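Accompanying notes for the structure given below.
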Amino acid sequence: SHRISSGLALLGVIALLIWGLRAYPKGHPVRTGAIWSMIFMIVEALVGAALVLLEYVAFNVSIARAFWMAGHLVNTFLLLGALTLTAWWAAGGDRLRVKGRGVVGLSYWLATAGIFVLGMSGAITALGDTLAIAGGISPQENAIVGGLVQMRVFHPLIAFAAGALVLWAVWTGVSKQPSQWAQRFGWAAVALFGVQLALGAVNVALKAPVWVQMLHLLLTSTIWILFVLYGAVI
């Protein structure tokens with residue numbers, strides 16, 4: 001199912017690229033967003049293929065797999081960000097302002113870094129749960145699985161730190177740029193982050209069932225999309 005959905009997503013991004021290049025003139029940000037979406041989609045496909053070829057699937061236990069999964073998640077974030085900005089620019093949104101934003105820019109990029117670190121730690125934590133719970137590999141008998149399981153305690157701590165950074169970024173940005181869209185996107189991201197923390201606790205209590213992990217990842221993606229949109233309007 002993952003490979004089928006990935007194939008459909010690839011076709012969708014190819015269509016987006018063709019449509020963007022045909023519908024918008026040279027120099028328009030939609031073209032830039034569509035091109036970067038295609039680049040990250042290709043990288044996503046290559047990483048997925050590498051995971052299969054290297055056999056970093058099912059109940060494979062290796063440190064390299066953890067790094068690959070974390071990198072896979074980072075590229076997914078970049079792909080979602082590019083797609084989100086492409087849609088925003090196609091809707092008439094302004095270009096991103098990267099320089100000269102002072103504390104607003106600093107708080108936003110620190111929160112972005114926090115979200116990326118949180119996502120990578122989540123990917124590694126999910127891998128540990130998969131191997132230990134679904135795979136039945138005892139942490140006491142396998143040192144790598146034991147290490148991945150022990151890292152589980154750091155994920156909630158990183159989540160609270162990243163949540164604080166997101167709250168700071170939104171509070172700072174809204175106070176400096178109290179636009180309607182900034183408030184909507186920013187506070188929606190903060191609210192969903194609170195829901196995500198509660199869902200993380202449920203995930204631990206239920207011993208990481210697949211449906212909760214999928215919902216957890218869906219909320220993560222939604223928060224990231226909202227935060228990208230927030231960054232586009234401040």
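Numbering starts fresh at 1 for the residues of each chain in the structure tokens, the chains themselves are lettered A, B, ... in the order given, and ligands are numbered from 1 as they appear.
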Picked from region 13-196 of chain A by DSSP as helix (DSSP H, G or I), as a count of residues only: 148
Mind running region 193-228 of chain A against region 114-119 of chain A at 10 Å and telling me each contacting residue's nearest atom pair with the distance in Å (one decimal), counting only C-alpha atoms, chain and number ascending, as a Markdown table?
| residue | atom | partner | partner_atom | distance |
| --- | --- | --- | --- | --- |
| A:Leu217 | CA | A:Gly119 | CA | 9.1 |
| A:Thr220 | CA | A:Gly119 | CA | 7.9 |
| A:Ser221 | CA | A:Gly119 | CA | 9.6 |
| A:Ile223 | CA | A:Ile115 | CA | 9.4 |
| A:Trp224 | CA | A:Ile115 | CA | 7.8 |
| A:Phe227 | CA | A:Ile115 | CA | 9.7 |
Serialized selection, N, CA, C and O atoms, as a PDB file, in the first residue's frame:
ATOM      1  N   LEU A 217       1.516  10.324  12.964  1.00  0.00           N
ATOM      2  CA  LEU A 217       2.255  10.853  11.822  1.00  0.00           C
ATOM      3  C   LEU A 217       1.398  11.830  11.010  1.00  0.00           C
ATOM      4  O   LEU A 217       1.901  12.844  10.501  1.00  0.00           O
ATOM      5  N   THR A 220       1.475  15.047  12.798  1.00  0.00           N
ATOM      6  CA  THR A 220       2.795  15.649  12.600  1.00  0.00           C
ATOM      7  C   THR A 220       2.855  16.379  11.265  1.00  0.00           C
ATOM      8  O   THR A 220       3.325  17.525  11.190  1.00  0.00           O
ATOM      9  N   SER A 221       2.380  15.730  10.220  1.00  0.00           N
ATOM     10  CA  SER A 221       2.395  16.341   8.887  1.00  0.00           C
ATOM     11  C   SER A 221       1.502  17.578   8.836  1.00  0.00           C
ATOM     12  O   SER A 221       1.867  18.593   8.233  1.00  0.00           O
ATOM     13  N   ILE A 223       0.634  19.562  11.383  1.00  0.00           N
ATOM     14  CA  ILE A 223       1.286  20.637  12.138  1.00  0.00           C
ATOM     15  C   ILE A 223       2.370  21.288  11.292  1.00  0.00           C
ATOM     16  O   ILE A 223       2.499  22.533  11.240  1.00  0.00           O
ATOM     17  N   TRP A 224       3.163  20.484  10.603  1.00  0.00           N
ATOM     18  CA  TRP A 224       4.238  21.011   9.772  1.00  0.00           C
ATOM     19  C   TRP A 224       3.683  21.870   8.639  1.00  0.00           C
ATOM     20  O   TRP A 224       4.202  22.958   8.356  1.00  0.00           O
ATOM     21  N   PHE A 227       2.594  25.127  10.027  1.00  0.00           N
ATOM     22  CA  PHE A 227       3.728  25.963  10.432  1.00  0.00           C
ATOM     23  C   PHE A 227       4.425  26.556   9.210  1.00  0.00           C
ATOM     24  O   PHE A 227       4.926  27.681   9.270  1.00  0.00           O
TER      25      PHE A 227
END
I'd like to know which of A:Ile63, A:Leu192, A:Leu229, A:Ile14 is closest to Val145 (chain A), using only C-alpha atoms. A:Ile63
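The space separating CA of Ala164 (chain A) from CA of Ile225 (chain A) comes to 17.9 Å.
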Contacts of region 15-28 of chain A within 12 Å, only C-alpha atoms, excl. fewer than 2 positions in-chain, as a PyMOL selection string: chain A and resi 8-13+30-39+41+82-83+86-87+89-90+92-95
Save the residues we just selected, N, CA and C atoms, as a short mmCIF file (atom, residue, chain, number, x, y, z; two decimals), in the first residue's frame?
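Below is the file that was written, selection-v5.cif:
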data_model
loop_
_atom_site.label_atom_id
_atom_site.label_comp_id
_atom_site.auth_asym_id
_atom_site.auth_seq_id
_atom_site.Cartn_x
_atom_site.Cartn_y
_atom_site.Cartn_z
N LEU A 8 1.44 6.85 -6.82
CA LEU A 8 0.40 7.83 -7.15
C LEU A 8 0.87 9.26 -6.82
N ALA A 9 1.58 9.39 -5.69
CA ALA A 9 2.11 10.70 -5.32
C ALA A 9 3.12 11.20 -6.35
N LEU A 10 3.96 10.29 -6.84
CA LEU A 10 4.94 10.66 -7.86
C LEU A 10 4.25 11.16 -9.12
N LEU A 11 3.21 10.46 -9.56
CA LEU A 11 2.46 10.89 -10.74
C LEU A 11 1.81 12.25 -10.49
N GLY A 12 1.31 12.46 -9.28
CA GLY A 12 0.70 13.74 -8.95
C GLY A 12 1.69 14.89 -9.00
N VAL A 13 2.90 14.67 -8.51
CA VAL A 13 3.91 15.73 -8.51
C VAL A 13 4.40 15.99 -9.94
N VAL A 30 5.62 29.82 -8.20
CA VAL A 30 4.97 28.52 -8.38
C VAL A 30 5.89 27.57 -9.14
N ARG A 31 6.58 28.09 -10.14
CA ARG A 31 7.53 27.26 -10.90
C ARG A 31 8.63 26.74 -9.98
N THR A 32 9.16 27.62 -9.14
CA THR A 32 10.22 27.22 -8.21
C THR A 32 9.71 26.15 -7.26
N GLY A 33 8.52 26.36 -6.71
CA GLY A 33 7.95 25.38 -5.78
C GLY A 33 7.70 24.03 -6.44
N ALA A 34 7.21 24.06 -7.69
CA ALA A 34 6.93 22.81 -8.39
C ALA A 34 8.22 22.05 -8.70
N ILE A 35 9.26 22.78 -9.07
CA ILE A 35 10.55 22.14 -9.37
C ILE A 35 11.14 21.50 -8.12
N TRP A 36 11.10 22.23 -6.99
CA TRP A 36 11.63 21.67 -5.75
C TRP A 36 10.78 20.50 -5.26
N SER A 37 9.48 20.56 -5.48
CA SER A 37 8.61 19.44 -5.13
C SER A 37 9.02 18.20 -5.91
N MET A 38 9.33 18.38 -7.19
CA MET A 38 9.76 17.25 -8.02
C MET A 38 11.09 16.70 -7.54
N ILE A 39 12.01 17.59 -7.18
CA ILE A 39 13.32 17.15 -6.70
C ILE A 39 13.18 16.31 -5.42
N MET A 41 10.53 14.80 -4.39
CA MET A 41 9.78 13.57 -4.68
C MET A 41 10.70 12.51 -5.24
N ALA A 82 7.61 22.02 0.33
CA ALA A 82 7.63 22.52 -1.04
C ALA A 82 6.24 22.48 -1.67
N LEU A 83 5.51 21.40 -1.44
CA LEU A 83 4.15 21.29 -1.97
C LEU A 83 3.23 22.34 -1.35
N THR A 86 4.05 25.73 -2.84
CA THR A 86 3.58 25.79 -4.23
C THR A 86 2.09 26.11 -4.27
N ALA A 87 1.32 25.43 -3.43
CA ALA A 87 -0.11 25.69 -3.36
C ALA A 87 -0.39 27.10 -2.87
N TRP A 89 1.55 29.78 -3.14
CA TRP A 89 1.88 30.75 -4.19
C TRP A 89 0.87 30.71 -5.33
N ALA A 90 0.38 29.52 -5.64
CA ALA A 90 -0.64 29.40 -6.69
C ALA A 90 -1.93 30.11 -6.28
N GLY A 92 -1.98 32.87 -4.76
CA GLY A 92 -1.71 34.30 -4.73
C GLY A 92 -0.91 34.78 -3.55
N GLY A 93 -0.35 33.84 -2.77
CA GLY A 93 0.44 34.22 -1.61
C GLY A 93 1.76 34.88 -1.99
N ASP A 94 2.28 35.70 -1.08
CA ASP A 94 3.54 36.41 -1.32
C ASP A 94 4.73 35.47 -1.19
N ARG A 95 5.86 35.92 -1.74
CA ARG A 95 7.10 35.16 -1.60
C ARG A 95 7.56 35.17 -0.15
#
Nearest residue to Phe40 (chain A) from the set A:Phe77, A:Phe160, A:Trp68, A:Phe185 (distances using only C-alpha atoms): A:Phe77
Residues near region 134-144 of chain A, anyone? I mean within 9 Å using only C-alpha atoms, not counting same-chain ones fewer than 3 positions away, as a PyMOL selection string. chain A and resi 58-59+61-63+128-131+147-150+209
So, counting only C-alpha atoms, which residue among A:Asn60, A:Thr76, A:Thr172, A:Thr84 is closest to Ala111 (chain A)? A:Thr172
Residues at most 7 Å from Ala70 (chain A), counting only C-alpha atoms, excluding those fewer than 6 positions away in the same chain, as a PyMOL selection string? chain A and resi 120+123-124
Output file for the residues above (C-alpha atoms, as a tab-separated table (two decimals), in the first residue's frame):
chain	number	residue	atom	x	y	z
A	120	MET	CA	13.83	12.39	13.39
A	123	ALA	CA	11.11	8.03	13.34
A	124	ILE	CA	13.79	6.33	15.44
Surrounding residues of Val202 (chain A) excluding itself and chain neighbours under 3 positions, 12 Å, only C-alpha atoms, as a ChimeraX atom specification: /A:195-199,205-209,211-213,215-216
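Take the candidates A:Tyr108, A:Phe193, A:Trp88, A:Phe67 and check each one against Leu165 (chain A) using only C-alpha atoms; the shortest distance goes to A:Tyr108.
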